[in-house]
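Structure first, commentary second.
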Amino acid sequence: MLLKVLARPYSVTQLRIGWGSDMTYPLRRVITSAVALAALALPGVAWAAGGPAYSSGPTTTAPTLDGSISAAEWADAPSYSLTFANIPATVRFEHTATDLYVGVVLQDLAPGTSPSLSVFFDNNHDGVKNAGDDVWLDFVGQAGQDFFYSPTGTGGASHYNDFSGGGTNETVATGTSSSGAVTFELKHPLCSADTAHDVCASAGQTLGVDFQYEPGTAPGVFYDAPGPNVFAPSTTWADLTLATGDVVPPSATVTQPAAGSVLRGTVAVAATASDNVGVTAVDFRYFGGAPPYVELGTDTTPPYEATFDSTQVANTAPLGGTIYAVAHDAAGHATTVGNGVTVSNGGSLSGTIVPSPDPIGAPTSVDLTAAGSQDWAIWGYAGGGTSTSLAPDVRKTGGTAISALTNIDPAPSAPLRGLGQFPGPPFLFNWSDGASPTSATNVAGGIQHNGGGSPCPCGTGVSTINKGFSFDVPADTEVRTLTMYV
């Protein structure tokens, strides 16, 4: 079925703002006249206006209307984001068996002295502005006021105070303005006795809802949201469902591993989770950038924990993986959160030992420039071959990949000795890209612990078992070759 409506705005030259019998509600300085060409929409027909979908959750503990929205008193109400022009806001709904509550916080950094908020309802959710459609109004510092829509009022099609139609004021509200935040809390019966001017709904029904904010900074400045026109429920007004069960999803935070962590081996995974009713389970999973997910386990009791063997997945680029926690509640809601991580497990190290040549026969000539395309280093060369420096005596110009040596020398200590001074080494070295000297040909090198005793008269008598050197070179997923001449 199709309902076609033509809307034509026209200016109002006078607005009556007193509490007179024919008072109009000055929501804006234009009034819209609508003519139905085909009245095919029936009361109660579900209407999707194209706006957001809100839910009002049932609560047994009603919030206190004090102009302050706390997490505890609105625990059964999801928070929805809304924008009035460039003013961000949050909106909440919850209901008891008898009343509907609305909480709105606007991040208005420069409101006037008495900003106001109006809540408009499409009572039967048919997408049409009908006589009696409800409006709740609150000014900061004033009591709540109740209005209704009349297409035939003395001021034309507009919103009139319930008193002007012989009705009663049912809106209870409080508004506050401080530190750039304007807060409104409103309460109204779900179904009042003033049925000619008020909404009458019950759990399970859906209403149309729209908001209008007046900053109070200048006359006639109004901002509508989410729909652009409070006189047209068919233009992206929100759908508000009065839910019969829990509507609040759980909240969760991944606490281990922390965002940005580098994972190696088996790591602990943990999360915190909470819900207004109760968390039933938390699922953990890992995603490495391409399906499938790696399921890490489910925990049904806090603390929520699992483990992840990161060696079972491929290494990633920085922050190329995500550890997720999915919190569930009994109502079927689920909330997924995640921390970006890097998986970087060491690769395998393999190699062979090649026996050195006979030093007296024909020493092997080694071209360090050709062999060390990334870096090379030599020890025991400087000082006529007597150097015992743990830093390289000479290395490739600009080379930084090979670290200095670390002396492994458990007590009793054995002194070091440079070996470049001795004839007959198994290797002789050449280079043409050194950091100083730039080049060399057939030079000897090497460094050792000068231990041992008889029959070597030059020894110190200290055993060299468990003595040696260590050094570092870079390692990642790229295959590299390391050659050591020993």
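Residue numbering restarts at 1 in every chain; chains get A, B, ... in the order shown in the structure tokens, and ligands count up from 1 in that same order.
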Which of segment 56-261 of chain A DSSP labels strand (DSSP E), written as a PyMOL selection string: chain A and resi 56-58+80-84+87-95+99-106+116-122+134-139+145-150+158-161+172-178+181-189+206-214+223-225+238-242+251-256
Those of segment 330-474 of chain A in DSSP alpha helix (DSSP H), formatted as JSON, numbers by chain: {"A": [368, 369, 370, 371, 382, 383, 384, 385]}
What does the distance between atom CA of Ala77 of chain A and atom CA of Thr59 of chain A come to in Å, to one decimal place? 8.5 Å
Polymer residues at most 8 Å from segment 169-184 of chain A, only C-alpha atoms, same-chain spacing of 6 or more positions, as number ranges by chain: A: 65-69, 102-111, 115, 117, 136-146, 162-163, 192
Option closest in space to Ala331 of chain A, from A:Thr241, A:Thr280, A:Ser432, A:Thr464 [counting only C-alpha atoms]: A:Thr280
Would you kindly return, as JSON, numbers by chain, each protein, DNA or RNA residue with an atom no farther than 9 Å from any atom of Thr336 of chain A, considering only C-alpha atoms and excluding same-chain residues fewer than 6 positions away? {"A": [251, 252, 253, 324, 325, 326, 327]}
Once you count only C-alpha atoms, what closest atom pair and distance in Å to one decimal does each residue of segment 50-125 of chain A within 12 Å of segment 262-279 of chain A have, with rows by chain and rising residue number, as JSON lines?
```
{"residue": "A:Gly57", "atom": "CA", "partner": "A:Asn276", "partner_atom": "CA", "distance": 10.9}
{"residue": "A:Pro58", "atom": "CA", "partner": "A:Asn276", "partner_atom": "CA", "distance": 11.5}
{"residue": "A:Thr59", "atom": "CA", "partner": "A:Asn276", "partner_atom": "CA", "distance": 10.3}
{"residue": "A:Thr60", "atom": "CA", "partner": "A:Val277", "partner_atom": "CA", "distance": 11.9}
{"residue": "A:Ala71", "atom": "CA", "partner": "A:Asn276", "partner_atom": "CA", "distance": 10.1}
{"residue": "A:Ala72", "atom": "CA", "partner": "A:Asn276", "partner_atom": "CA", "distance": 9.1}
{"residue": "A:Glu73", "atom": "CA", "partner": "A:Asn276", "partner_atom": "CA", "distance": 10.7}
{"residue": "A:Trp74", "atom": "CA", "partner": "A:Asn276", "partner_atom": "CA", "distance": 9.7}
{"residue": "A:Ala75", "atom": "CA", "partner": "A:Asn276", "partner_atom": "CA", "distance": 5.9}
{"residue": "A:Asp76", "atom": "CA", "partner": "A:Asn276", "partner_atom": "CA", "distance": 6.2}
{"residue": "A:Ala77", "atom": "CA", "partner": "A:Asn276", "partner_atom": "CA", "distance": 9.2}
{"residue": "A:Pro78", "atom": "CA", "partner": "A:Asn276", "partner_atom": "CA", "distance": 10.3}
```
Using only C-alpha atoms, determine which residues lie at most 10 Å from Tyr149 of chain A, disregarding the query and same-chain residues fewer than 4 positions distant; provide the list as a list in words. Thr24, Tyr25, Phe120, Phe121, Lys129, Asn130, Ala131, Gly132, Asp133, Asp134, Val135, Gly153, Ala157, Ser158, His159, Tyr160, Asn161, Asp162, His197, Asp198 and Phe231 of chain A
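Across the model, the gap from atom CA of Arg285 of chain A to atom CA of Thr322 of chain A is 8.4 Å.
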Within 8 Å of Pro415 of chain A, counting only C-alpha atoms, which residues show up once you throw out same-chain ones fewer than 4 positions away? Write them as a ChimeraX atom specification, please. /A:449-451
Mind writing the picked residues with N, CA, C and O atoms as a PDB file, in the first residue's frame?
```pdb
ATOM      1  N   HIS A 449      90.750 -17.632  23.548  1.00  0.00           N
ATOM      2  CA  HIS A 449      91.106 -17.619  24.960  1.00  0.00           C
ATOM      3  C   HIS A 449      92.472 -18.284  25.107  1.00  0.00           C
ATOM      4  O   HIS A 449      92.662 -19.419  24.669  1.00  0.00           O
ATOM      5  N   ASN A 450      93.423 -17.604  25.723  1.00  0.00           N
ATOM      6  CA  ASN A 450      94.800 -18.082  25.826  1.00  0.00           C
ATOM      7  C   ASN A 450      94.937 -18.974  27.056  1.00  0.00           C
ATOM      8  O   ASN A 450      95.492 -18.602  28.074  1.00  0.00           O
ATOM      9  N   GLY A 451      94.382 -20.168  26.948  1.00  0.00           N
ATOM     10  CA  GLY A 451      94.428 -21.089  28.077  1.00  0.00           C
ATOM     11  C   GLY A 451      95.373 -22.244  27.802  1.00  0.00           C
ATOM     12  O   GLY A 451      96.232 -22.187  26.922  1.00  0.00           O
TER      13      GLY A 451
END
```
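Across the model, the gap from atom CA of Asn345 of chain A to atom CA of Gly398 of chain A is 28.1 Å.
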I'd like the contact shell of segment 402-414 of chain A - 12 Å cut-off, only C-alpha atoms, skipping same-chain residues fewer than 4 positions apart - returned as a PyMOL selection string. chain A and resi 372+374-380+388-396+398+447-453+459-475+482-484
